[in-house]
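Text of run.cif (mmCIF, C-alpha atoms and all ligand atoms) as supplied:
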data_model
loop_
_atom_site.label_atom_id
_atom_site.label_comp_id
_atom_site.auth_asym_id
_atom_site.auth_seq_id
_atom_site.Cartn_x
_atom_site.Cartn_y
_atom_site.Cartn_z
CA MET H 1 -17.62 -219.72 -118.91
CA SER H 2 -18.33 -220.43 -115.27
CA VAL H 3 -17.33 -219.34 -111.81
CA ARG H 4 -17.05 -222.18 -109.31
CA ILE H 5 -16.12 -221.99 -105.63
CA VAL H 6 -14.49 -225.10 -104.16
CA ILE H 7 -14.87 -225.35 -100.40
CA GLY H 8 -13.83 -227.72 -97.67
CA ALA H 9 -17.13 -228.73 -96.06
CA GLN H 10 -15.62 -230.05 -92.80
CA TRP H 11 -12.63 -228.93 -90.68
CA GLY H 12 -10.13 -228.73 -93.52
CA ASP H 13 -7.88 -231.41 -95.06
CA GLU H 14 -10.71 -232.80 -97.19
CA GLY H 15 -8.42 -233.27 -100.18
CA LYS H 16 -9.18 -229.97 -101.92
CA GLY H 17 -5.73 -229.81 -103.51
CA LYS H 18 -6.28 -232.89 -105.62
CA ILE H 19 -9.77 -231.84 -106.71
CA VAL H 20 -8.77 -228.25 -107.55
CA ASP H 21 -5.83 -229.66 -109.49
CA LEU H 22 -8.24 -231.85 -111.49
CA LEU H 23 -10.83 -229.16 -112.07
CA SER H 24 -8.26 -226.55 -112.96
CA LYS H 25 -7.29 -228.31 -116.16
CA ASP H 26 -10.41 -226.61 -117.60
CA ALA H 27 -9.98 -223.34 -115.68
CA ASP H 28 -8.50 -220.14 -117.06
CA TYR H 29 -8.01 -218.72 -113.56
CA VAL H 30 -7.56 -220.44 -110.18
CA ILE H 31 -7.85 -218.13 -107.20
CA ARG H 32 -6.94 -218.56 -103.50
CA TYR H 33 -9.13 -216.24 -101.44
CA GLN H 34 -8.30 -216.61 -97.71
CA GLY H 35 -5.93 -218.12 -95.17
CA GLY H 36 -2.20 -218.33 -95.62
CA ALA H 37 0.63 -220.78 -95.21
CA ASN H 38 -1.41 -222.57 -92.51
CA ALA H 39 -2.94 -224.55 -95.37
CA GLY H 40 -1.14 -227.42 -97.03
CA HIS H 41 -2.50 -228.84 -100.27
CA THR H 42 -0.80 -232.09 -101.15
CA LEU H 43 -0.70 -233.02 -104.84
CA LYS H 44 0.43 -236.52 -105.77
CA PHE H 45 1.71 -237.14 -109.27
CA ASP H 46 2.77 -240.53 -110.57
CA GLU H 47 6.41 -240.22 -109.52
CA THR H 48 6.40 -237.35 -107.08
CA SER H 49 4.31 -235.33 -104.65
CA VAL H 50 4.32 -231.66 -103.72
CA VAL H 51 2.71 -229.62 -100.93
CA LEU H 52 1.46 -226.14 -101.78
CA HIS H 53 0.77 -223.64 -99.02
CA LEU H 54 -0.02 -220.38 -100.81
CA VAL H 55 0.10 -220.84 -104.57
CA PRO H 56 -3.20 -222.22 -105.97
CA SER H 57 -3.19 -225.89 -106.94
CA GLY H 58 -3.85 -224.98 -110.60
CA ILE H 59 -0.21 -224.02 -111.09
CA PHE H 60 0.66 -227.40 -112.61
CA HIS H 61 -1.71 -226.86 -115.56
CA ASN H 62 -0.03 -224.56 -118.05
CA ASN H 63 -3.29 -223.09 -119.30
CA SER H 64 -4.39 -221.71 -115.91
CA LYS H 65 -3.36 -218.42 -114.42
CA CYS H 66 -3.12 -218.47 -110.63
CA VAL H 67 -4.16 -215.63 -108.37
CA ILE H 68 -3.47 -215.09 -104.67
CA GLY H 69 -6.40 -212.87 -103.74
CA ASN H 70 -6.74 -209.94 -101.38
CA GLY H 71 -8.24 -212.12 -98.62
CA VAL H 72 -5.06 -214.17 -98.22
CA VAL H 73 -2.35 -213.29 -95.67
CA ILE H 74 1.06 -213.80 -97.24
CA ASP H 75 4.29 -214.76 -95.55
CA PRO H 76 6.84 -213.44 -98.08
CA THR H 77 9.62 -215.84 -97.12
CA ALA H 78 7.27 -218.87 -97.28
CA LEU H 79 6.10 -217.66 -100.69
CA VAL H 80 9.64 -217.33 -101.99
CA ASP H 81 10.41 -220.90 -100.88
CA GLU H 82 7.30 -222.10 -102.66
CA ILE H 83 8.01 -220.15 -105.86
CA GLU H 84 11.53 -221.60 -105.93
CA SER H 85 10.34 -225.17 -105.43
CA ILE H 86 7.69 -224.82 -108.16
CA GLU H 87 10.27 -223.34 -110.56
CA ALA H 88 12.61 -226.22 -109.71
CA MET H 89 9.90 -228.54 -111.10
CA GLY H 90 10.28 -226.76 -114.45
CA VAL H 91 7.19 -224.53 -114.16
CA ASN H 92 7.55 -220.97 -115.47
CA LEU H 93 5.51 -218.54 -113.33
CA GLU H 94 5.82 -215.48 -115.55
CA GLU H 95 2.34 -214.28 -116.59
CA ARG H 96 0.93 -217.24 -114.62
CA LEU H 97 1.10 -216.04 -111.02
CA PHE H 98 -0.62 -212.86 -109.85
CA ILE H 99 -0.60 -211.58 -106.27
CA SER H 100 -3.14 -209.06 -105.03
CA GLU H 101 -1.57 -205.74 -104.09
CA THR H 102 -4.09 -205.45 -101.24
CA ALA H 103 -3.37 -208.86 -99.67
CA HIS H 104 -1.91 -208.44 -96.19
CA VAL H 105 1.60 -209.48 -95.23
CA ILE H 106 2.52 -211.85 -92.41
CA LEU H 107 5.57 -210.37 -90.73
CA PRO H 108 7.95 -212.23 -88.44
CA TYR H 109 6.34 -210.50 -85.45
CA HIS H 110 2.97 -212.12 -86.32
CA LYS H 111 4.56 -215.56 -86.08
CA VAL H 112 6.18 -214.74 -82.75
CA LEU H 113 2.88 -213.35 -81.42
CA ASP H 114 1.00 -216.45 -82.60
CA GLN H 115 3.37 -218.67 -80.64
CA VAL H 116 3.61 -216.62 -77.44
CA LYS H 117 -0.17 -216.11 -77.33
CA GLU H 118 -0.79 -219.85 -77.71
CA LYS H 119 1.70 -220.54 -74.92
CA ARG H 120 -0.07 -218.07 -72.67
CA ARG H 121 -3.52 -219.58 -73.39
CA GLY H 122 -2.37 -222.79 -71.68
CA LYS H 123 -5.23 -225.32 -71.48
CA ASP H 124 -7.39 -223.00 -73.62
CA ALA H 125 -4.93 -223.08 -76.53
CA ILE H 126 -6.55 -223.16 -79.97
CA GLY H 127 -3.90 -225.44 -81.44
CA THR H 128 -2.95 -222.99 -84.21
CA THR H 129 -0.41 -223.84 -86.87
CA GLY H 130 1.89 -221.14 -85.44
CA ARG H 131 2.17 -219.50 -88.88
CA GLY H 132 1.09 -216.04 -87.68
CA ILE H 133 -2.35 -216.23 -89.28
CA GLY H 134 -4.49 -214.91 -86.40
CA PRO H 135 -2.19 -211.98 -85.50
CA ALA H 136 -1.90 -210.97 -89.18
CA TYR H 137 -5.69 -210.77 -89.49
CA VAL H 138 -5.77 -208.83 -86.20
CA SER H 139 -3.40 -206.27 -87.75
CA LYS H 140 -5.59 -206.13 -90.87
CA VAL H 141 -8.80 -205.51 -88.93
CA SER H 142 -7.17 -203.05 -86.53
CA ARG H 143 -5.89 -201.13 -89.60
CA THR H 144 -2.20 -201.44 -88.77
CA GLY H 145 -1.57 -204.12 -91.39
CA ILE H 146 1.08 -203.96 -94.09
CA ARG H 147 -0.14 -204.83 -97.58
CA MET H 148 1.72 -206.27 -100.53
CA ILE H 149 1.74 -202.87 -102.25
CA ASP H 150 3.61 -201.42 -99.24
CA LEU H 151 6.47 -203.83 -99.87
CA LEU H 152 7.29 -202.05 -103.12
CA ASP H 153 8.27 -198.87 -101.30
CA GLU H 154 11.15 -199.35 -98.86
CA GLU H 155 10.54 -196.12 -96.96
CA THR H 156 6.86 -196.93 -96.33
CA LEU H 157 7.76 -200.45 -95.25
CA ARG H 158 10.43 -199.29 -92.79
CA TYR H 159 8.12 -196.68 -91.31
CA LYS H 160 5.23 -199.12 -90.84
CA VAL H 161 7.37 -201.88 -89.33
CA GLU H 162 8.96 -199.42 -86.89
CA SER H 163 5.68 -197.92 -85.79
CA ASN H 164 3.98 -201.31 -85.39
CA LEU H 165 6.88 -202.60 -83.31
CA GLU H 166 6.43 -199.83 -80.74
CA ASP H 167 3.23 -201.50 -79.50
CA ILE H 168 4.35 -205.05 -80.12
CA ASN H 169 7.65 -204.67 -78.28
CA ALA H 170 5.86 -203.15 -75.31
CA SER H 171 3.66 -206.24 -75.11
CA MET H 172 6.68 -208.51 -75.63
CA LYS H 173 8.33 -206.93 -72.62
CA TYR H 174 5.43 -206.40 -70.23
CA ILE H 175 2.96 -209.15 -71.13
CA TYR H 176 4.91 -212.02 -72.62
CA GLN H 177 8.35 -211.46 -71.01
CA GLU H 178 10.03 -212.05 -74.38
CA GLU H 179 12.94 -210.29 -76.10
CA PRO H 180 12.04 -207.22 -78.24
CA LEU H 181 12.07 -207.60 -82.01
CA ASP H 182 14.36 -205.59 -84.26
CA ALA H 183 12.74 -203.41 -86.95
CA ASP H 184 15.79 -203.31 -89.24
CA GLN H 185 16.28 -207.05 -89.15
CA ILE H 186 12.62 -207.65 -90.01
CA THR H 187 12.55 -205.06 -92.79
CA ASN H 188 15.73 -206.39 -94.36
CA GLU H 189 14.43 -209.96 -94.29
CA ILE H 190 11.23 -208.88 -96.03
CA LEU H 191 13.08 -206.71 -98.58
CA GLU H 192 15.15 -209.70 -99.61
CA ALA H 193 12.01 -211.73 -100.30
CA VAL H 194 10.44 -208.82 -102.18
CA GLN H 195 13.04 -209.11 -104.93
CA THR H 196 11.49 -212.43 -105.96
CA ILE H 197 7.86 -211.52 -105.33
CA ALA H 198 7.63 -207.97 -106.70
CA PRO H 199 7.02 -208.87 -110.39
CA TYR H 200 3.86 -210.76 -109.44
CA ILE H 201 2.17 -208.03 -107.36
CA THR H 202 -0.73 -206.45 -109.23
CA ASN H 203 -4.38 -205.31 -109.22
CA THR H 204 -5.97 -208.78 -109.25
CA SER H 205 -9.48 -207.40 -108.77
CA ALA H 206 -9.31 -205.66 -112.17
CA LEU H 207 -7.70 -208.76 -113.70
CA LEU H 208 -10.55 -210.98 -112.51
CA HIS H 209 -13.28 -208.57 -113.59
CA GLU H 210 -11.78 -208.52 -117.07
CA ALA H 211 -11.67 -212.33 -117.02
CA ILE H 212 -15.38 -212.48 -116.10
CA ASP H 213 -16.23 -209.96 -118.84
CA SER H 214 -14.35 -212.14 -121.34
CA ASN H 215 -16.35 -215.25 -120.33
CA LYS H 216 -13.39 -217.06 -118.81
CA THR H 217 -13.69 -220.05 -116.49
CA LEU H 218 -12.75 -219.24 -112.89
CA LEU H 219 -12.17 -221.56 -109.97
CA LEU H 220 -11.98 -220.19 -106.44
CA GLU H 221 -10.02 -222.42 -104.11
CA GLY H 222 -10.77 -222.30 -100.39
CA ALA H 223 -8.27 -223.32 -97.76
CA GLN H 224 -9.14 -224.91 -94.38
CA GLY H 225 -12.85 -225.74 -94.09
CA SER H 226 -16.28 -224.33 -93.46
CA MET H 227 -16.30 -225.44 -89.82
CA LEU H 228 -13.13 -223.39 -89.20
CA ASP H 229 -14.77 -220.19 -90.50
CA ILE H 230 -14.34 -217.21 -88.17
CA ASP H 231 -18.11 -216.48 -88.27
CA HIS H 232 -19.74 -219.85 -88.93
CA GLY H 233 -17.25 -222.30 -87.42
CA THR H 234 -16.73 -223.65 -83.92
CA TYR H 235 -15.57 -220.29 -82.51
CA PRO H 236 -13.08 -219.73 -80.86
CA TYR H 237 -11.57 -222.98 -82.20
CA VAL H 238 -11.43 -221.63 -85.74
CA THR H 239 -9.01 -219.99 -88.09
CA SER H 240 -9.13 -216.20 -88.44
CA SER H 241 -10.47 -215.98 -92.01
CA SER H 242 -13.60 -216.90 -93.97
CA PRO H 243 -13.20 -220.19 -95.85
CA THR H 244 -16.96 -220.13 -96.63
CA ALA H 245 -18.53 -219.11 -99.96
CA GLY H 246 -19.11 -215.53 -98.78
CA GLY H 247 -15.38 -215.26 -98.06
CA ALA H 248 -14.63 -216.28 -101.64
CA CYS H 249 -16.30 -213.10 -102.88
CA SER H 250 -14.81 -210.70 -100.34
CA GLY H 251 -11.39 -212.36 -100.61
CA SER H 252 -11.18 -212.02 -104.37
CA GLY H 253 -13.38 -209.07 -105.38
CA ILE H 254 -15.63 -211.37 -107.44
CA PRO H 255 -19.30 -210.46 -106.96
CA PRO H 256 -21.75 -213.12 -105.63
CA THR H 257 -23.91 -212.69 -108.73
CA ALA H 258 -21.06 -214.04 -110.89
CA VAL H 259 -20.88 -217.38 -109.04
CA ASP H 260 -22.49 -220.40 -110.75
CA HIS H 261 -21.44 -223.41 -108.67
CA VAL H 262 -20.38 -224.10 -105.11
CA MET H 263 -18.62 -227.44 -104.83
CA GLY H 264 -18.33 -228.82 -101.30
CA ILE H 265 -15.65 -231.36 -100.54
CA THR H 266 -16.02 -233.89 -97.77
CA LYS H 267 -14.06 -236.93 -96.77
CA ALA H 268 -16.01 -240.19 -96.54
CA TYR H 269 -15.27 -239.89 -92.81
CA CYS H 270 -14.16 -236.91 -90.73
CA THR H 271 -10.96 -235.39 -89.33
CA ARG H 272 -9.92 -232.35 -87.38
CA VAL H 273 -6.55 -230.91 -86.31
CA GLY H 274 -6.19 -228.56 -83.40
CA ASN H 275 -8.57 -228.23 -80.50
CA GLY H 276 -12.33 -227.77 -80.33
CA PRO H 277 -15.43 -229.97 -80.25
CA PHE H 278 -15.68 -232.94 -82.60
CA PRO H 279 -18.75 -235.04 -81.68
CA THR H 280 -17.96 -238.06 -83.90
CA GLU H 281 -14.31 -238.33 -82.84
CA LEU H 282 -13.23 -241.95 -82.29
CA ASP H 283 -10.72 -242.22 -79.51
CA ASN H 284 -10.28 -245.96 -80.07
CA ASN H 285 -8.98 -248.56 -82.49
CA GLU H 286 -11.42 -247.58 -85.22
CA GLY H 287 -10.09 -244.01 -85.03
CA ASN H 288 -6.49 -245.25 -85.12
CA ASN H 289 -7.36 -247.42 -88.07
CA LEU H 290 -8.79 -244.45 -90.00
CA ARG H 291 -5.69 -242.38 -89.16
CA LYS H 292 -3.34 -245.11 -90.31
CA LYS H 293 -5.21 -246.04 -93.48
CA GLY H 294 -5.86 -242.41 -94.39
CA SER H 295 -2.31 -241.20 -93.46
CA GLU H 296 -3.98 -238.55 -91.36
CA PHE H 297 -1.06 -236.33 -90.39
CA GLY H 298 -1.05 -232.54 -91.04
CA ALA H 299 0.51 -231.44 -94.36
CA THR H 300 1.81 -228.23 -92.75
CA THR H 301 2.64 -229.26 -89.19
CA GLY H 302 2.83 -233.07 -89.34
CA ARG H 303 0.45 -233.29 -86.36
CA PRO H 304 -1.69 -236.45 -86.12
CA ARG H 305 -5.27 -235.61 -87.09
CA ARG H 306 -8.23 -236.50 -84.89
CA CYS H 307 -10.43 -239.00 -86.77
CA GLY H 308 -14.06 -240.08 -86.63
CA TRP H 309 -17.14 -241.10 -88.63
CA ILE H 310 -18.77 -238.68 -91.02
CA ASP H 311 -20.92 -236.07 -89.28
CA LEU H 312 -23.98 -235.33 -91.42
CA VAL H 313 -25.38 -232.80 -88.94
CA ALA H 314 -22.28 -230.62 -89.39
CA LEU H 315 -22.15 -231.33 -93.12
CA LYS H 316 -25.78 -230.30 -93.66
CA TYR H 317 -25.00 -227.05 -91.84
CA ALA H 318 -22.02 -226.44 -94.15
CA ILE H 319 -24.24 -227.10 -97.16
CA ARG H 320 -26.75 -224.51 -96.00
CA ILE H 321 -24.35 -221.67 -95.16
CA ASN H 322 -22.33 -222.10 -98.35
CA GLY H 323 -25.14 -222.90 -100.78
CA ILE H 324 -23.24 -226.04 -101.79
CA ASN H 325 -24.94 -227.44 -104.91
CA GLU H 326 -22.48 -230.19 -105.85
CA LEU H 327 -20.46 -232.56 -103.70
CA THR H 328 -17.14 -234.35 -103.90
CA VAL H 329 -16.46 -237.28 -101.58
CA THR H 330 -12.76 -238.00 -101.05
CA LYS H 331 -10.81 -240.84 -99.46
CA MET H 332 -13.58 -243.36 -100.11
CA ASP H 333 -10.92 -246.10 -100.25
CA VAL H 334 -10.04 -245.51 -96.57
CA LEU H 335 -13.40 -247.09 -95.65
CA ASP H 336 -12.64 -250.22 -97.74
CA GLY H 337 -12.48 -253.30 -95.52
CA PHE H 338 -14.54 -252.02 -92.57
CA ASP H 339 -17.27 -254.56 -91.61
CA GLU H 340 -19.62 -251.71 -90.97
CA VAL H 341 -19.49 -247.96 -91.41
CA LYS H 342 -21.36 -245.39 -89.38
CA VAL H 343 -22.87 -242.03 -90.27
CA CYS H 344 -23.97 -239.51 -87.66
CA THR H 345 -27.51 -238.40 -88.49
CA ASP H 346 -28.51 -236.53 -85.29
CA TYR H 347 -27.09 -235.07 -82.12
CA GLN H 348 -28.50 -236.08 -78.76
CA ILE H 349 -28.04 -233.10 -76.43
CA GLY H 350 -29.53 -233.94 -73.05
CA ASP H 351 -33.22 -234.65 -73.75
CA GLU H 352 -33.13 -233.00 -77.14
CA LYS H 353 -32.46 -234.87 -80.39
CA THR H 354 -31.62 -232.54 -83.24
CA ARG H 355 -30.40 -232.36 -86.84
CA ILE H 356 -29.69 -228.65 -86.59
CA TYR H 357 -26.07 -227.85 -85.83
CA PRO H 358 -26.09 -225.83 -82.58
CA LEU H 359 -24.29 -222.49 -82.65
CA ASP H 360 -23.79 -222.63 -78.89
CA LEU H 361 -20.41 -224.33 -78.53
CA SER H 362 -21.27 -225.76 -75.10
CA LYS H 363 -24.11 -227.71 -76.76
CA VAL H 364 -21.79 -229.10 -79.44
CA GLU H 365 -19.40 -230.12 -76.67
CA LYS H 366 -22.22 -232.06 -74.98
CA ALA H 367 -23.60 -233.57 -78.19
CA GLU H 368 -23.66 -237.38 -78.40
CA PRO H 369 -23.72 -238.58 -81.99
CA VAL H 370 -26.68 -240.72 -83.05
CA TYR H 371 -25.48 -243.14 -85.72
CA LYS H 372 -27.03 -245.04 -88.56
CA THR H 373 -24.93 -248.14 -89.17
CA LEU H 374 -24.47 -249.23 -92.77
CA LYS H 375 -22.87 -252.38 -94.14
CA GLY H 376 -19.20 -252.10 -95.07
CA TRP H 377 -17.58 -253.46 -98.22
CA ALA H 378 -14.66 -255.83 -98.44
CA THR H 379 -13.46 -255.15 -101.98
CA SER H 380 -11.30 -252.22 -102.94
CA THR H 381 -12.87 -249.10 -104.46
CA ARG H 382 -9.48 -248.04 -105.82
CA GLU H 383 -9.66 -250.09 -108.98
CA CYS H 384 -13.14 -248.85 -109.85
CA GLY H 385 -13.12 -246.82 -113.05
CA ASN H 386 -16.74 -245.70 -112.80
CA PHE H 387 -19.68 -245.52 -110.44
CA GLU H 388 -21.21 -248.81 -111.67
CA GLU H 389 -18.10 -250.76 -110.68
CA LEU H 390 -18.28 -249.71 -107.02
CA PRO H 391 -19.14 -252.40 -104.44
CA GLU H 392 -22.90 -252.36 -103.81
CA ASN H 393 -22.54 -251.27 -100.17
CA ALA H 394 -20.26 -248.38 -101.16
CA THR H 395 -22.98 -247.19 -103.56
CA GLU H 396 -25.55 -247.53 -100.76
CA TYR H 397 -23.32 -245.41 -98.55
CA LEU H 398 -23.13 -242.65 -101.15
CA ASN H 399 -26.87 -242.84 -101.82
CA PHE H 400 -27.52 -242.42 -98.10
CA LEU H 401 -25.31 -239.29 -98.04
CA GLU H 402 -27.05 -237.81 -101.09
CA ASP H 403 -30.55 -238.45 -99.71
CA TYR H 404 -29.75 -236.98 -96.30
CA LEU H 405 -27.88 -233.96 -97.64
CA GLY H 406 -30.05 -233.25 -100.68
CA VAL H 407 -26.99 -232.74 -102.90
CA LYS H 408 -25.63 -234.99 -105.63
CA VAL H 409 -22.12 -236.44 -105.51
CA LYS H 410 -20.34 -235.28 -108.68
CA ILE H 411 -16.82 -236.51 -107.96
CA LEU H 412 -15.61 -239.50 -105.99
CA SER H 413 -11.96 -239.82 -105.05
CA THR H 414 -10.76 -243.35 -104.33
CA GLY H 415 -7.03 -242.72 -103.89
CA PRO H 416 -4.43 -239.96 -103.90
CA LYS H 417 -3.50 -240.08 -107.58
CA ARG H 418 -5.15 -238.07 -110.35
CA SER H 419 -6.14 -241.35 -111.99
CA GLU H 420 -7.98 -242.60 -108.87
CA THR H 421 -11.03 -240.43 -109.42
CA ILE H 422 -14.56 -241.13 -110.65
CA MET H 423 -16.35 -238.22 -112.31
CA ILE H 424 -20.09 -238.85 -112.09
P1 LIG K 1 -4.47 -221.06 -87.51
O1 LIG K 1 -5.21 -221.00 -88.82
O2 LIG K 1 -3.02 -221.43 -87.66
O3 LIG K 1 -4.67 -219.84 -86.68
O4 LIG K 1 -5.12 -222.27 -86.65
C1 LIG K 1 -6.46 -222.21 -86.17
C2 LIG K 1 -7.12 -223.57 -86.25
O5 LIG K 1 -7.31 -223.93 -87.62
C3 LIG K 1 -6.30 -224.70 -85.65
O6 LIG K 1 -7.19 -225.65 -85.08
C4 LIG K 1 -5.60 -225.32 -86.83
O7 LIG K 1 -5.26 -226.67 -86.62
C5 LIG K 1 -6.69 -225.19 -87.88
N1 LIG K 1 -6.15 -225.15 -89.25
C6 LIG K 1 -5.48 -224.15 -89.84
N2 LIG K 1 -5.14 -224.48 -91.11
C7 LIG K 1 -5.63 -225.71 -91.33
C8 LIG K 1 -5.65 -226.57 -92.46
O8 LIG K 1 -5.14 -226.26 -93.54
N3 LIG K 1 -6.25 -227.77 -92.29
C9 LIG K 1 -6.86 -228.12 -91.12
N4 LIG K 1 -6.89 -227.33 -90.04
C10 LIG K 1 -6.28 -226.14 -90.14
#
Starting from the file, lay out its structure as structure tokens.
Amino acid sequence: MSVRIVIGAQWGDEGKGKIVDLLSKDADYVIRYQGGANAGHTLKFDETSVVLHLVPSGIFHNNSKCVIGNGVVIDPTALVDEIESIEAMGVNLEERLFISETAHVILPYHKVLDQVKEKRRGKDAIGTTGRGIGPAYVSKVSRTGIRMIDLLDEETLRYKVESNLEDINASMKYIYQEEPLDADQITNEILEAVQTIAPYITNTSALLHEAIDSNKTLLLEGAQGSMLDIDHGTYPYVTSSSPTAGGACSGSGIPPTAVDHVMGITKAYCTRVGNGPFPTELDNNEGNNLRKKGSEFGATTGRPRRCGWIDLVALKYAIRINGINELTVTKMDVLDGFDEVKVCTDYQIGDEKTRIYPLDLSKVEKAEPVYKTLKGWATSTRECGNFEELPENATEYLNFLEDYLGVKVKILSTGPKRSETIMI
């Protein structure tokens, strides 16, 4: 039995989907605990690939049950699309998918608000995915949210949509100069989706407590990354949930005392989508090279990702706030063929040189990365079946990371396929 949290240790897109898919072959339960359809976890199989947005990546292992926890915000129509595409791959979801009755619902008005608010922010736009995530969490925190359990009672749903729209339509008219939204149309759209979703809605907190009592193996799957956390990330350029380890507990109902391992996932380099500071960003040929070799385009939005060298100052911070005690390095193969590779060990901020990630965003914006340059490796890491077969300079690179971060690398991913993985 064990409870393991798997977290993105950077700005998301670290390749969590593949790793959760691998680890979940030994897991009885795989649980998503925050975020929504803003996430996109790409799984590559030998012949095909699939992108999951809400359903945990464990769904392709028949032995694991998958839970969408209370901390997730669920777009019912996106979920129906996903359920249908998973079923089309021959996977039966009965008794395998469980949705928390207290997870909040993303309604069409949240998506509209997300888009009109971004438009209004102009140059200060966050660069959201436009999936309604922020506004849905605003509804949750302001206690006007609609939860999955409310979808099972048509009268409650109609009442809540109508009353919420009174405020929202006033702001549509007077603030955003947009057309009002229609309560009946929204309710009917949601009710249609509910027909597919209803059988999966349940008390997942009780389910997970029973699983812990029966010594089951649980895997909690974070979406986005630690640096996009609403509390610990580069606020306001963050998502509106808590991808960090603390969020795994509040977003699932699993107590912190039950957690054994926190696995942090980092790319061998660094990417970010959306706006906000990114000290090691490479706005040059090296950055373009990383983007091209790493196919760095958003799984949900298709946007090109910003690319740069690995930032150990930010990574060390993620390790501290999450209690990461094991590390996975992904996309190692993307660094194959570089003459030299750089790692950011310090930030130079004016006269100050520091290894402590500043919480003052204006300091991060001013930070100049201080690099240690390591030798690159010409041969491919993709064909390596174990750690010993890696090119010497690739091993040196990983050793440098481990020494700096004080955490051992347990898994190394050298390509998108399940088979291109070294378990150390
Ligand atoms: P939101 O989560 O759509 O509100 O977007 C807020 C910020 O988080 C934006 O910078 C997005 O690009 C970023 N973001 C949201 N989801 C992901 C993800 O799955 N990977 C990487 N960045 C994400």
Which residues sit within 9 Å of ligand LIG 1 (chain K), counting all atoms listed in the file, listed as a PyMOL selection string?
chain H and resi 11-14+35-41+53+114+126-135+223-225+228-229+236-241+271-276+298-301+303+305
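Comparing H:Gly15, H:Gly253, H:Gly337, H:Gly122 by their smallest distance to Asn393 in chain H, the closest is H:Gly337 (using all atoms listed in the file).
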Extract, using all atoms listed in the file, all DNA, RNA and protein residues at most 12 Å from Val50 in chain H, discarding same-chain residues fewer than 6 positions from it, and format them as number ranges by chain.
H: 17-18, 21, 40-44, 57, 59-60, 82, 85-86, 88-89, 299-300
Save the residues we just selected, C-alpha atoms, as a PDB file, keeping the file's coordinate frame?
ATOM      1  CA  GLY H  17      -5.730-229.810-103.510  1.00  0.00           C
ATOM      2  CA  LYS H  18      -6.280-232.890-105.620  1.00  0.00           C
ATOM      3  CA  ASP H  21      -5.830-229.660-109.490  1.00  0.00           C
ATOM      4  CA  GLY H  40      -1.140-227.420 -97.030  1.00  0.00           C
ATOM      5  CA  HIS H  41      -2.500-228.840-100.270  1.00  0.00           C
ATOM      6  CA  THR H  42      -0.800-232.090-101.150  1.00  0.00           C
ATOM      7  CA  LEU H  43      -0.700-233.020-104.840  1.00  0.00           C
ATOM      8  CA  LYS H  44       0.430-236.520-105.770  1.00  0.00           C
ATOM      9  CA  SER H  57      -3.190-225.890-106.940  1.00  0.00           C
ATOM     10  CA  ILE H  59      -0.210-224.020-111.090  1.00  0.00           C
ATOM     11  CA  PHE H  60       0.660-227.400-112.610  1.00  0.00           C
ATOM     12  CA  GLU H  82       7.300-222.100-102.660  1.00  0.00           C
ATOM     13  CA  SER H  85      10.340-225.170-105.430  1.00  0.00           C
ATOM     14  CA  ILE H  86       7.690-224.820-108.160  1.00  0.00           C
ATOM     15  CA  ALA H  88      12.610-226.220-109.710  1.00  0.00           C
ATOM     16  CA  MET H  89       9.900-228.540-111.100  1.00  0.00           C
ATOM     17  CA  ALA H 299       0.510-231.440 -94.360  1.00  0.00           C
ATOM     18  CA  THR H 300       1.810-228.230 -92.750  1.00  0.00           C
TER      19      THR H 300
END
All residues 8 Å or closer to Val73 in chain H, all atoms listed in the file, same chain fewer than 4 positions away omitted, as a VMD selection string:
chain H and resid 34 to 36 103 to 106 133 136 to 137
Contact check, range 245-267 of chain H to range 199-217 of chain H, at most 10 Å, counting only C-alpha atoms, closest pairs as a tab-separated table:
residue	atom	partner	partner_atom	distance
H:Gly251	CA	H:Ser205	CA	9.7
H:Ser252	CA	H:Ser205	CA	6.6
H:Gly253	CA	H:Ser205	CA	5.4
H:Ile254	CA	H:His209	CA	7.2
H:Pro255	CA	H:His209	CA	9.2
H:Ala258	CA	H:Ile212	CA	7.9
Counting all atoms listed in the file, figure out which residue out of H:Leu290, H:Val80, H:Leu220, H:Ala245 gets nearest to Glu192 in chain H.
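For Glu192 in chain H, the nearest of the candidates is H:Val80.
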Which centre and edge lengths in Å to one decimal define the box along x, y and z that fits every listed atom of range 346-356 of chain H plus 4 Å per side, as AutoDock Vina command-line options?
--center_x -30.2 --center_y -232.6 --center_z -79.9 --size_x 14.1 --size_y 15.9 --size_z 21.8
Write out as a PyMOL selection string the residues lying within 12 Å of Thr414 in chain H, counting only C-alpha atoms and excluding same-chain residues fewer than 6 positions away.
chain H and resi 15+18-19+267-268+294+328-336+380-387+390+394+420-423
Between H:Asn63, H:Ser362, H:Asn70, H:Ser139, smallest distance to Leu165 in chain H by only C-alpha atoms belongs to H:Ser139
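In this structure, CA of Asn322 in chain H sits 21.2 Å away from CA of Tyr29 in chain H.
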Could you check how far CA of Lys16 in chain H sits from CA of Ile265 in chain H, in Å to one decimal?
6.8 Å
